[in-house]
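Participant: File entry_7.txt follows (compact mmCIF, C-alpha atoms and all ligand atoms):
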```txt
# COMPACT_ATOMS: atom_id res chain seq x y z
CA MET A 1 -16.92 3.54 19.37
CA GLN A 2 -14.63 4.63 16.59
CA GLN A 3 -14.67 2.29 13.59
CA ASP A 4 -11.82 1.32 11.29
CA ALA A 5 -13.31 2.68 8.13
CA GLY A 6 -13.63 6.31 7.22
CA ILE A 7 -10.19 7.39 8.37
CA VAL A 8 -8.61 7.41 4.98
CA ALA A 9 -7.02 10.78 4.47
CA SER A 10 -8.20 12.66 1.48
CA LEU A 11 -4.97 13.11 -0.34
CA PRO A 12 -3.64 16.05 -2.19
CA GLY A 13 -1.57 15.37 -5.24
CA SER A 14 -4.11 15.08 -7.98
CA ILE A 15 -2.52 16.65 -10.99
CA ALA A 16 -4.43 19.48 -12.53
CA GLY A 17 -3.39 18.44 -16.03
CA SER A 18 -3.28 14.93 -17.43
CA PRO A 19 -1.81 11.91 -15.61
CA LEU A 20 1.97 11.61 -15.68
CA ARG A 21 3.58 9.09 -17.97
CA LEU A 22 6.47 7.75 -15.91
CA GLU A 23 9.52 6.99 -18.03
CA GLY A 24 11.26 4.73 -15.58
CA VAL A 25 12.49 4.03 -12.09
CA VAL A 26 16.13 3.89 -10.95
CA LEU A 27 17.08 1.92 -7.83
CA ARG A 28 20.44 2.79 -6.29
CA LEU A 29 22.15 1.20 -3.30
CA VAL A 30 24.52 3.73 -1.77
CA ARG A 31 26.87 2.91 1.11
CA LEU A 32 27.30 5.74 3.61
CA PRO A 33 29.56 5.20 6.62
CA LEU A 34 28.08 6.39 9.93
CA CYS A 35 30.09 8.93 11.95
CA GLU A 36 29.90 6.47 14.82
CA PRO A 37 28.37 3.01 15.22
CA PHE A 38 24.66 2.90 16.11
CA GLU A 39 23.62 0.19 18.58
CA THR A 40 20.09 -0.79 19.56
CA SER A 41 18.65 -3.76 21.43
CA PHE A 42 18.63 -5.62 18.10
CA GLY A 43 22.16 -4.96 16.92
CA ARG A 44 24.92 -2.62 15.92
CA ILE A 45 25.80 -1.08 12.56
CA ASP A 46 28.75 0.98 11.28
CA SER A 47 27.30 2.08 7.96
CA ARG A 48 23.96 2.42 6.19
CA LEU A 49 23.24 0.84 2.83
CA ILE A 50 20.96 3.64 1.65
CA PHE A 51 18.35 2.58 -0.90
CA LEU A 52 17.51 5.55 -3.15
CA VAL A 53 14.63 5.50 -5.61
CA SER A 54 14.21 8.00 -8.40
CA ILE A 55 11.39 8.31 -10.92
CA ASP A 56 11.70 10.28 -14.18
CA ALA A 57 8.81 11.97 -15.96
CA GLY A 58 8.51 14.94 -18.28
CA GLY A 59 12.08 16.11 -17.75
CA LEU A 60 11.75 16.02 -13.95
CA ARG A 61 13.17 13.56 -11.43
CA GLY A 62 11.51 12.71 -8.12
CA TRP A 63 13.49 11.24 -5.22
CA GLY A 64 12.53 8.79 -2.49
CA GLU A 65 14.24 6.43 -0.06
CA VAL A 66 13.45 2.89 1.07
CA VAL A 67 14.33 2.89 4.78
CA ALA A 68 14.68 -0.89 5.14
CA GLN A 69 17.93 -2.09 6.68
CA GLU A 70 20.22 -4.87 5.47
CA GLU A 71 18.98 -7.42 8.02
CA PRO A 72 15.38 -8.09 9.13
CA LEU A 73 15.94 -6.93 12.72
CA TYR A 74 13.70 -3.86 13.06
CA SER A 75 11.04 -5.35 10.78
CA TYR A 76 10.86 -8.23 8.29
CA GLU A 77 11.77 -6.01 5.35
CA THR A 78 15.33 -5.78 4.09
CA VAL A 79 17.08 -3.97 1.27
CA GLY A 80 16.96 -7.27 -0.61
CA THR A 81 13.22 -7.91 -0.15
CA ALA A 82 12.43 -4.33 -1.14
CA LEU A 83 14.52 -4.62 -4.32
CA HIS A 84 12.66 -7.79 -5.26
CA VAL A 85 9.18 -6.43 -4.52
CA ILE A 86 9.79 -3.13 -6.31
CA ARG A 87 11.38 -4.77 -9.34
CA GLU A 88 8.79 -7.54 -9.78
CA PHE A 89 5.54 -5.95 -8.63
CA LEU A 90 5.47 -2.30 -7.57
CA ALA A 91 7.43 -0.59 -10.33
CA PRO A 92 5.55 -2.47 -13.10
CA ALA A 93 2.25 -1.42 -11.47
CA ILE A 94 3.08 2.29 -11.77
CA LEU A 95 4.83 2.09 -15.14
CA LYS A 96 2.10 0.20 -17.01
CA GLN A 97 -0.07 3.27 -17.60
CA PRO A 98 0.10 7.00 -16.75
CA LEU A 99 -0.31 7.75 -13.05
CA GLY A 100 -2.79 10.44 -12.02
CA SER A 101 -2.46 10.96 -8.27
CA LEU A 102 -1.30 9.57 -4.96
CA ASP A 103 -4.70 7.91 -4.61
CA ASP A 104 -4.13 6.23 -7.96
CA LEU A 105 -0.75 4.97 -6.76
CA ALA A 106 -2.24 3.73 -3.47
CA ARG A 107 -4.93 1.81 -5.41
CA ARG A 108 -2.35 0.12 -7.63
CA PHE A 109 -0.32 -0.98 -4.59
CA ALA A 110 -3.28 -2.01 -2.41
CA ARG A 111 -3.49 -5.60 -3.64
CA PHE A 112 0.12 -6.33 -2.67
CA LYS A 113 0.32 -7.35 0.98
CA GLY A 114 2.84 -5.81 3.33
CA HIS A 115 6.24 -4.52 2.15
CA ASN A 116 5.43 -1.04 3.38
CA MET A 117 8.97 0.31 3.12
CA ALA A 118 9.21 -0.78 -0.51
CA LYS A 119 5.86 0.87 -1.29
CA ALA A 120 6.83 4.05 0.54
CA GLY A 121 10.11 4.37 -1.37
CA LEU A 122 8.26 4.63 -4.67
CA GLU A 123 5.50 6.79 -3.23
CA LEU A 124 8.04 9.30 -1.87
CA ALA A 125 9.70 9.62 -5.27
CA PHE A 126 6.31 10.07 -6.92
CA ILE A 127 5.10 12.76 -4.50
CA ASP A 128 8.38 14.66 -5.01
CA LEU A 129 7.67 14.52 -8.74
CA LEU A 130 4.08 15.72 -8.24
CA ALA A 131 5.20 18.57 -6.02
CA GLN A 132 7.73 19.67 -8.65
CA VAL A 133 5.05 19.55 -11.36
CA GLU A 134 2.80 21.72 -9.22
CA ARG A 135 5.71 23.90 -8.07
CA GLN A 136 4.87 23.34 -4.43
CA SER A 137 6.93 22.23 -1.47
CA LEU A 138 6.13 18.80 -0.06
CA SER A 139 5.07 20.48 3.17
CA ALA A 140 2.60 22.79 1.38
CA MET A 141 1.31 19.89 -0.66
CA ILE A 142 0.37 17.75 2.37
CA GLY A 143 -1.00 20.61 4.45
CA GLY A 144 2.01 21.30 6.67
CA THR A 145 1.67 24.40 8.81
CA ARG A 146 5.07 24.92 10.42
CA PRO A 147 8.20 26.45 8.86
CA ARG A 148 10.43 24.92 11.56
CA VAL A 149 10.01 21.71 13.54
CA PRO A 150 11.32 20.73 16.99
CA VAL A 151 13.87 17.93 16.93
CA GLY A 152 15.52 15.46 19.29
CA VAL A 153 18.31 12.92 19.07
CA SER A 154 18.24 9.15 19.45
CA LEU A 155 21.35 7.94 21.28
CA GLY A 156 22.42 4.35 20.72
CA ILE A 157 23.65 1.98 23.40
CA GLN A 158 27.22 3.01 24.27
CA PRO A 159 30.22 0.98 25.38
CA THR A 160 30.29 2.88 28.69
CA LEU A 161 28.00 5.06 30.77
CA SER A 162 30.50 7.92 30.62
CA SER A 163 30.48 7.95 26.81
CA LEU A 164 26.68 8.12 26.92
CA LEU A 165 26.79 11.01 29.41
CA ASP A 166 29.23 12.86 27.12
CA ARG A 167 26.89 12.47 24.16
CA VAL A 168 23.89 13.64 26.15
CA GLU A 169 25.80 16.82 27.07
CA GLN A 170 27.01 17.29 23.51
CA TYR A 171 23.50 17.20 22.01
CA LEU A 172 21.97 19.32 24.77
CA ASP A 173 24.68 21.91 24.08
CA LEU A 174 23.71 21.85 20.40
CA GLY A 175 20.14 22.71 21.41
CA TYR A 176 18.36 19.39 20.79
CA GLN A 177 14.99 19.54 22.54
CA ARG A 178 14.69 15.89 23.56
CA ILE A 179 17.12 13.08 24.30
CA LYS A 180 16.04 9.52 23.55
CA LEU A 181 18.08 6.68 25.00
CA LYS A 182 18.09 3.24 23.46
CA ILE A 183 17.60 0.67 26.23
CA LYS A 184 17.75 -3.10 26.66
CA PRO A 185 17.92 -5.41 29.69
CA GLY A 186 21.18 -4.56 31.49
CA TRP A 187 21.29 -1.04 29.97
CA ASP A 188 18.20 0.59 31.36
CA VAL A 189 17.19 1.66 34.90
CA ASP A 190 20.70 2.55 36.14
CA VAL A 191 21.69 4.34 32.96
CA VAL A 192 18.44 6.27 32.65
CA GLY A 193 18.58 7.14 36.36
CA GLU A 194 22.07 8.62 35.99
CA VAL A 195 21.12 10.72 32.95
CA ARG A 196 18.02 11.97 34.78
CA ARG A 197 20.03 12.78 37.95
CA ARG A 198 22.38 14.99 35.92
CA HIS A 199 19.64 16.59 33.84
CA PRO A 200 16.55 16.86 36.03
CA ALA A 201 14.49 19.02 33.67
CA ILE A 202 15.14 17.78 30.12
CA LEU A 203 12.67 15.97 27.90
CA LEU A 204 13.96 12.41 28.20
CA SER A 205 12.55 9.28 26.62
CA VAL A 206 13.63 5.67 26.08
CA ASP A 207 13.25 3.21 23.20
CA ALA A 208 13.45 -0.54 23.83
CA ASN A 209 12.90 -1.78 20.27
CA SER A 210 10.97 -4.80 21.57
CA ALA A 211 13.61 -5.95 24.08
CA TYR A 212 11.20 -6.83 26.92
CA SER A 213 8.28 -9.12 27.65
CA LEU A 214 5.36 -9.00 30.07
CA GLU A 215 7.52 -10.87 32.58
CA ASP A 216 9.58 -7.70 32.89
CA LEU A 217 6.60 -5.61 33.98
CA ASP A 218 7.88 -4.99 37.52
CA HIS A 219 11.26 -4.01 36.14
CA LEU A 220 9.72 -1.64 33.57
CA ARG A 221 7.68 -0.03 36.33
CA ARG A 222 10.94 1.18 37.89
CA LEU A 223 11.29 3.58 34.95
CA ASP A 224 8.25 5.49 36.24
CA GLU A 225 10.36 7.37 38.78
CA PHE A 226 12.32 9.22 36.05
CA SER A 227 9.46 11.34 34.66
CA LEU A 228 10.09 10.09 31.15
CA LEU A 229 8.26 11.64 28.23
CA MET A 230 7.59 8.10 26.99
CA ILE A 231 8.79 4.53 26.72
CA GLU A 232 8.87 3.45 23.09
CA GLN A 233 8.01 -0.10 21.96
CA PRO A 234 8.90 -2.14 25.05
CA LEU A 235 7.31 -5.39 23.76
CA ASP A 236 7.12 -7.43 20.54
CA HIS A 237 7.25 -5.67 17.19
CA ASP A 238 3.72 -6.74 16.27
CA ASP A 239 2.03 -6.64 19.66
CA LEU A 240 -0.89 -4.45 20.69
CA LEU A 241 -2.62 -6.45 23.43
CA ASP A 242 0.25 -6.86 25.88
CA HIS A 243 1.25 -3.22 25.42
CA ALA A 244 -2.17 -2.32 26.82
CA VAL A 245 -1.22 -4.26 29.96
CA VAL A 246 2.06 -2.34 30.20
CA GLN A 247 0.33 1.01 29.63
CA LYS A 248 -2.13 0.22 32.39
CA ALA A 249 0.64 -0.66 34.82
CA LEU A 250 2.86 2.36 34.11
CA ASN A 251 2.40 6.08 34.62
CA THR A 252 4.92 6.72 31.85
CA PRO A 253 3.19 7.01 28.46
CA VAL A 254 3.84 4.08 26.15
CA CYS A 255 4.66 5.10 22.56
CA LEU A 256 4.31 2.54 19.78
CA ASP A 257 6.71 2.46 16.84
CA GLU A 258 7.12 -1.03 15.27
CA SER A 259 3.54 -2.13 16.08
CA ILE A 260 1.88 0.67 14.11
CA THR A 261 2.03 -0.38 10.47
CA SER A 262 -1.20 1.22 9.20
CA VAL A 263 -4.03 3.53 10.22
CA ARG A 264 -6.09 0.43 11.00
CA ARG A 265 -3.47 -0.72 13.50
CA ALA A 266 -3.24 2.80 14.96
CA ASN A 267 -6.98 2.82 15.44
CA HIS A 268 -6.86 -0.56 17.16
CA ALA A 269 -4.02 0.59 19.42
CA LEU A 270 -5.99 3.66 20.52
CA ARG A 271 -9.19 1.68 21.07
CA MET A 272 -7.27 -0.88 23.14
CA GLN A 273 -5.34 1.83 25.00
CA SER A 274 -2.07 0.15 24.05
CA CYS A 275 -0.29 3.53 23.99
CA ARG A 276 -0.76 7.26 24.59
CA ILE A 277 1.67 8.45 21.92
CA ILE A 278 2.42 7.27 18.37
CA ASN A 279 5.69 7.50 16.45
CA ILE A 280 4.97 7.87 12.73
CA LYS A 281 7.54 6.71 10.17
CA ILE A 282 6.51 7.10 6.55
CA GLY A 283 8.37 3.94 5.55
CA ARG A 284 6.98 1.70 8.28
CA VAL A 285 3.37 2.63 7.43
CA GLY A 286 3.76 2.41 3.63
CA GLY A 287 3.82 6.05 2.59
CA TYR A 288 2.29 9.48 3.05
CA SER A 289 -1.31 8.28 2.62
CA GLN A 290 -1.18 6.13 5.74
CA ALA A 291 1.06 8.57 7.62
CA LEU A 292 -1.43 11.39 7.02
CA ALA A 293 -4.35 9.19 8.00
CA ILE A 294 -2.66 8.22 11.29
CA HIS A 295 -1.84 11.87 11.94
CA ASN A 296 -5.46 12.88 11.32
CA LEU A 297 -6.83 10.10 13.51
CA CYS A 298 -4.53 11.02 16.41
CA HIS A 299 -5.02 14.75 15.97
CA LYS A 300 -8.79 14.34 16.25
CA GLN A 301 -8.40 12.39 19.46
CA GLY A 302 -5.75 14.66 20.99
CA VAL A 303 -3.08 11.93 20.86
CA PRO A 304 0.39 13.42 20.28
CA VAL A 305 2.46 12.06 17.40
CA TRP A 306 6.06 12.62 16.36
CA CYS A 307 8.18 11.78 13.36
CA GLY A 308 10.46 8.78 13.84
CA GLY A 309 13.69 8.18 11.95
CA MET A 310 15.52 5.24 10.36
CA LEU A 311 18.99 6.79 10.02
CA GLU A 312 17.92 8.09 6.62
CA SER A 313 20.06 9.95 4.15
CA GLY A 314 19.12 13.55 3.41
CA ILE A 315 16.51 12.41 0.91
CA GLY A 316 14.50 10.46 3.47
CA ARG A 317 15.14 13.23 6.00
CA ALA A 318 13.71 15.86 3.64
CA HIS A 319 10.48 13.85 3.47
CA ASN A 320 10.49 13.53 7.28
CA LEU A 321 10.78 17.30 7.64
CA ALA A 322 7.71 17.77 5.45
CA LEU A 323 5.71 15.22 7.42
CA ALA A 324 6.73 16.75 10.75
CA SER A 325 5.41 20.16 9.63
CA LEU A 326 1.81 18.90 10.02
CA PRO A 327 -0.03 20.43 12.99
CA GLY A 328 -0.39 17.23 15.05
CA PHE A 329 3.38 16.61 15.26
CA THR A 330 3.67 18.30 18.62
CA LEU A 331 6.61 16.34 20.04
CA PRO A 332 10.25 16.63 18.85
CA GLY A 333 11.05 14.18 16.03
CA ASP A 334 14.05 11.90 15.47
CA ILE A 335 15.16 14.26 12.72
CA SER A 336 18.70 15.15 13.64
CA ALA A 337 21.23 17.15 11.63
CA SER A 338 22.90 15.35 8.71
CA SER A 339 26.20 15.65 10.61
CA ARG A 340 24.81 13.54 13.48
CA TYR A 341 24.80 10.56 11.10
CA PHE A 342 27.19 11.11 8.18
CA THR A 343 30.32 13.09 7.41
CA ARG A 344 28.77 14.01 4.08
CA ASP A 345 25.11 13.84 3.08
CA VAL A 346 23.56 13.31 -0.36
CA ILE A 347 21.65 16.62 -0.33
CA GLU A 348 22.69 20.27 -0.54
CA PRO A 349 22.57 22.09 1.76
CA GLU A 350 22.59 19.40 4.43
CA VAL A 351 20.02 19.40 7.24
CA THR A 352 21.10 21.53 10.18
CA VAL A 353 19.66 22.05 13.65
CA CYS A 354 19.57 25.54 15.18
CA ARG A 355 20.53 26.46 18.72
CA ASP A 356 16.83 26.49 19.58
CA GLY A 357 16.56 22.79 18.67
CA THR A 358 14.56 23.21 15.49
CA ALA A 359 15.18 22.29 11.87
CA GLY A 360 13.85 24.29 8.93
CA VAL A 361 11.21 22.87 6.62
CA PRO A 362 12.12 23.71 3.02
CA SER A 363 9.73 25.88 1.02
CA ALA A 364 11.23 25.24 -2.45
CA PRO A 365 9.33 22.89 -4.80
CA GLY A 366 9.53 19.13 -4.19
CA ILE A 367 11.85 17.89 -1.45
CA GLY A 368 13.31 21.39 -1.45
CA PHE A 369 16.97 20.36 -1.35
CA GLY A 370 19.48 19.88 -4.14
CA VAL A 371 20.51 16.26 -4.72
CA ASP A 372 24.26 15.70 -4.93
CA VAL A 373 24.25 13.26 -7.85
CA ASP A 374 28.04 13.20 -8.15
CA PHE A 375 28.50 12.17 -4.53
CA ILE A 376 25.71 9.60 -4.92
CA ALA A 377 27.46 8.17 -7.99
CA GLU A 378 30.74 7.94 -6.02
CA CYS A 379 29.09 5.92 -3.24
CA THR A 380 26.82 3.73 -5.36
CA GLU A 381 27.32 -0.03 -4.98
CA THR A 382 24.61 -1.20 -7.36
CA ILE A 383 22.25 0.50 -9.75
CA GLU A 384 19.24 -0.91 -11.55
CA GLN A 385 16.89 0.69 -14.07
CA ILE A 386 13.31 -0.34 -14.68
CA GLY A 387 11.28 0.91 -17.66
CA TYR A 388 12.90 3.47 -20.03
CA GLN A 389 11.74 1.75 -23.23
O1 LIG A 401 13.39 2.51 16.73
O2 LIG A 401 13.35 4.56 16.24
C1 LIG A 401 13.85 3.45 16.11
C2 LIG A 401 17.00 3.72 13.93
C3 LIG A 401 16.88 2.57 13.18
C4 LIG A 401 15.82 1.73 13.41
C5 LIG A 401 14.87 2.02 14.38
C6 LIG A 401 14.97 3.18 15.13
C7 LIG A 401 16.07 4.03 14.92
C8 LIG A 401 16.32 5.22 15.70
C9 LIG A 401 17.16 6.30 15.06
O3 LIG A 401 15.94 5.38 16.84
C10 LIG A 401 16.36 7.49 14.72
C11 LIG A 401 17.11 8.44 13.82
O4 LIG A 401 17.02 8.30 12.57
O5 LIG A 401 17.77 9.32 14.33
MG MG A 402 11.74 3.24 17.84
```
Take the structure in the file and write it out as structure tokens.
Facilitator:
Amino acid sequence: MQQDAGIVASLPGSIAGSPLRLEGVVLRLVRLPLCEPFETSFGRIDSRLIFLVSIDAGGLRGWGEVVAQEEPLYSYETVGTALHVIREFLAPAILKQPLGSLDDLARRFARFKGHNMAKAGLELAFIDLLAQVERQSLSAMIGGTRPRVPVGVSLGIQPTLSSLLDRVEQYLDLGYQRIKLKIKPGWDVDVVGEVRRRHPAILLSVDANSAYSLEDLDHLRRLDEFSLLMIEQPLDHDDLLDHAVVQKALNTPVCLDESITSVRRANHALRMQSCRIINIKIGRVGGYSQALAIHNLCHKQGVPVWCGGMLESGIGRAHNLALASLPGFTLPGDISASSRYFTRDVIEPEVTVCRDGTAGVPSAPGIGFGVDVDFIAECTETIEQIGYQ
């Protein structure tokens, strides 16, 4: 039987020269209105308070994003908890002496429990910096193999079935390769059935964001007749055991999102047969190190993975594109065009999706996009600097 240990990815990102002396970290909270409200089983939002992290060193600036939301509804982290944990613990740990590699960063963070999104925000900014130093794209740096990645769209709960059907058509027309419907009790079997009836052959999946319990097992079984690609996170955000019961009872593959917070948890999920597919989000798992390790574990076992999304700005999205270029990301990711979320994005050019339902992975150094600092400044609500003595 597979053990927990020994699945730590060997990370790139050791700097050929000497360790980098980081000058300081800037934390910016930037309010971006969404083009339309996004509703899931846990709530509805009209805008995203985007948490951008930048790190300066040697005349370069690396960019990352903390994907936590304002309220602890998807996970316990919030913008506020991440600000606190970065300010008090994580930023001091990387500023106290020069930082040599991603492994070095992971070691300095390891003693702090949890707060994966906060850790990932800093790690993303640091890896962008490393990639710029080495004049490599993020994708090249982590071993990505694909210049373009297949993408899907995640459609929130709509006020009416007809508005959902319109959006399904709209995104299929744009070429998106997979439609994911957010579901909850009262917005599930009938809605999914109608979408499937109109589009018999599309890749269709559903995401419950923990809206069900084992008592709903018979109800969930009704989804089996729609040939879904997967059902994402039907049960509690931290459950593995009961998901194994659901997976056993359903033909539809279960995909875990919220429950997979580390490679150790991914390993447990696979050993317990809690799911057949894993959604990887860099923020949820605490950074590239864990994301790569989960990818490697699943790839070895032939378990498909795909890149999840958190309604990121272009900066988080650029990192997602790099991650999704790894060979094991065989299913379309929740990496939609910038215009699906925002009227204007913080990067240039913005992310676009081609008619064939793919998005390009940048090959320029670092995140590979320009950062629109003027637009960011216009939308910034608060800004905080750490370091810069
Ligand atoms: O469960 O995948 C999720 C957005 C916010 C929080 C959780 C989730 C989502 C999405 C949107 O489904 C994915 C996207 O960024 O397009
Ligand atoms: Mg999800």
Participant: My list of candidates is A:Met141, A:Ala359, A:Val353, A:Ala377. Which is closest to Asp173 in chain A when distances are computed with all atoms listed in the file?
Facilitator: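 For Asp173 in chain A, the nearest of the candidates is A:Val353.
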Participant: Would you mind reading off the distance between CA of Tyr171 in chain A and CA of Val153 in chain A, one decimal, in Å?
Facilitator: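 Pair CA of Tyr171 in chain A / CA of Val153 in chain A returns 7.3 Å.
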Participant: May I have the residues within 9 Å of ligand LIG 401 (chain A), computed using all atoms listed in the file, as a PyMOL selection string?
Facilitator: chain A and resi 38-40+67-69+73-75+152-156+180-182+207-209+232-233+257-258+279+281+308-312+317+333-337+340-341
Participant: Those residues with C-alpha atoms, as a tab-separated table (two decimals), keeping the file's coordinate frame please?
Facilitator:
```
chain	number	residue	atom	x	y	z
A	38	PHE	CA	24.66	2.90	16.11
A	39	GLU	CA	23.62	0.19	18.58
A	40	THR	CA	20.09	-0.79	19.56
A	67	VAL	CA	14.33	2.89	4.78
A	68	ALA	CA	14.68	-0.89	5.14
A	69	GLN	CA	17.93	-2.09	6.68
A	73	LEU	CA	15.94	-6.93	12.72
A	74	TYR	CA	13.70	-3.86	13.06
A	75	SER	CA	11.04	-5.35	10.78
A	152	GLY	CA	15.52	15.46	19.29
A	153	VAL	CA	18.31	12.92	19.07
A	154	SER	CA	18.24	9.15	19.45
A	155	LEU	CA	21.35	7.94	21.28
A	156	GLY	CA	22.42	4.35	20.72
A	180	LYS	CA	16.04	9.52	23.55
A	181	LEU	CA	18.08	6.68	25.00
A	182	LYS	CA	18.09	3.24	23.46
A	207	ASP	CA	13.25	3.21	23.20
A	208	ALA	CA	13.45	-0.54	23.83
A	209	ASN	CA	12.90	-1.78	20.27
A	232	GLU	CA	8.87	3.45	23.09
A	233	GLN	CA	8.01	-0.10	21.96
A	257	ASP	CA	6.71	2.46	16.84
A	258	GLU	CA	7.12	-1.03	15.27
A	279	ASN	CA	5.69	7.50	16.45
A	281	LYS	CA	7.54	6.71	10.17
A	308	GLY	CA	10.46	8.78	13.84
A	309	GLY	CA	13.69	8.18	11.95
A	310	MET	CA	15.52	5.24	10.36
A	311	LEU	CA	18.99	6.79	10.02
A	312	GLU	CA	17.92	8.09	6.62
A	317	ARG	CA	15.14	13.23	6.00
A	333	GLY	CA	11.05	14.18	16.03
A	334	ASP	CA	14.05	11.90	15.47
A	335	ILE	CA	15.16	14.26	12.72
A	336	SER	CA	18.70	15.15	13.64
A	337	ALA	CA	21.23	17.15	11.63
A	340	ARG	CA	24.81	13.54	13.48
A	341	TYR	CA	24.80	10.56	11.10
```
Participant: For range 285-298 of chain A, list every protein, DNA or RNA residue within 9 Å, evaluated using only C-alpha atoms, and leave out those in the same chain fewer than 2 positions away; present the list as a PyMOL selection string.
Facilitator: chain A and resi 7-11+102-103+106+114-124+127+142+260-264+266-267+270+277-278+280-283+300-305+323+326-329
Participant: Let's have the selection written as a tab-separated table (two decimals), keeping the file's coordinate frame, with C-alpha atoms.
Facilitator:
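See part.tsv below for the written result:
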```tsv
chain	number	residue	atom	x	y	z
A	7	ILE	CA	-10.19	7.39	8.37
A	8	VAL	CA	-8.61	7.41	4.98
A	9	ALA	CA	-7.02	10.78	4.47
A	10	SER	CA	-8.20	12.66	1.48
A	11	LEU	CA	-4.97	13.11	-0.34
A	102	LEU	CA	-1.30	9.57	-4.96
A	103	ASP	CA	-4.70	7.91	-4.61
A	106	ALA	CA	-2.24	3.73	-3.47
A	114	GLY	CA	2.84	-5.81	3.33
A	115	HIS	CA	6.24	-4.52	2.15
A	116	ASN	CA	5.43	-1.04	3.38
A	117	MET	CA	8.97	0.31	3.12
A	118	ALA	CA	9.21	-0.78	-0.51
A	119	LYS	CA	5.86	0.87	-1.29
A	120	ALA	CA	6.83	4.05	0.54
A	121	GLY	CA	10.11	4.37	-1.37
A	122	LEU	CA	8.26	4.63	-4.67
A	123	GLU	CA	5.50	6.79	-3.23
A	124	LEU	CA	8.04	9.30	-1.87
A	127	ILE	CA	5.10	12.76	-4.50
A	142	ILE	CA	0.37	17.75	2.37
A	260	ILE	CA	1.88	0.67	14.11
A	261	THR	CA	2.03	-0.38	10.47
A	262	SER	CA	-1.20	1.22	9.20
A	263	VAL	CA	-4.03	3.53	10.22
A	264	ARG	CA	-6.09	0.43	11.00
A	266	ALA	CA	-3.24	2.80	14.96
A	267	ASN	CA	-6.98	2.82	15.44
A	270	LEU	CA	-5.99	3.66	20.52
A	277	ILE	CA	1.67	8.45	21.92
A	278	ILE	CA	2.42	7.27	18.37
A	280	ILE	CA	4.97	7.87	12.73
A	281	LYS	CA	7.54	6.71	10.17
A	282	ILE	CA	6.51	7.10	6.55
A	283	GLY	CA	8.37	3.94	5.55
A	300	LYS	CA	-8.79	14.34	16.25
A	301	GLN	CA	-8.40	12.39	19.46
A	302	GLY	CA	-5.75	14.66	20.99
A	303	VAL	CA	-3.08	11.93	20.86
A	304	PRO	CA	0.39	13.42	20.28
A	305	VAL	CA	2.46	12.06	17.40
A	323	LEU	CA	5.71	15.22	7.42
A	326	LEU	CA	1.81	18.90	10.02
A	327	PRO	CA	-0.03	20.43	12.99
A	328	GLY	CA	-0.39	17.23	15.05
A	329	PHE	CA	3.38	16.61	15.26
```
Participant: Could you check the closest approach to Thr358 in chain A for each of A:Gln97, A:Ser313, A:Ser325, A:Ser137 and tell me which residue wins, using all atoms listed in the file?
Facilitator: A:Ser325
Participant: Could you jot down the CA of Val371 in chain A to CA of Gly175 in chain A separation for me, Å, one decimal place?
Facilitator: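 A separation of 26.9 Å between them.
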Participant: Write out as a list of chain:residue names the residues lying within 12 Å of Ile383 in chain A, counting all atoms listed in the file and excluding same-chain residues fewer than 3 positions away.
Facilitator: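 Result of the neighbour search: A:Val25, A:Val26, A:Leu27, A:Arg28, A:Leu29, A:Val30, A:Ile50, A:Phe51, A:Leu52, A:Val53, A:Ser54, A:Leu83, A:Ile376, A:Ala377, A:Glu378, A:Cys379, A:Thr380, A:Ile386.
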Participant: Check the smallest atom-to-atom distance from each of A:Gly64, A:Pro185, A:Gly370, A:Pro362 to Ile315 in chain A using only C-alpha atoms, then report the winner.
Facilitator: A:Gly64
Participant: Taking only C-alpha atoms into account, name the residue in A:Val151, A:Ala140, A:Cys275, A:Ile367 that is nearest to Val246 in chain A.
Facilitator: A:Cys275
Participant: Grab the CA of Val346 in chain A to CA of Thr145 in chain A distance for me, in Å with one decimal place.
Facilitator: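 Between CA of Val346 in chain A and CA of Thr145 in chain A the gap is 26.2 Å.
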Participant: Using only C-alpha atoms and all ligand atoms, which of the listed residues (A:Leu250, A:Leu331, A:Ile183, A:Cys354) sits closest to ligand MG 402 (chain A)?
Facilitator: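 Using only C-alpha atoms and all ligand atoms, the shortest distance to ligand MG 402 (chain A) belongs to A:Ile183.
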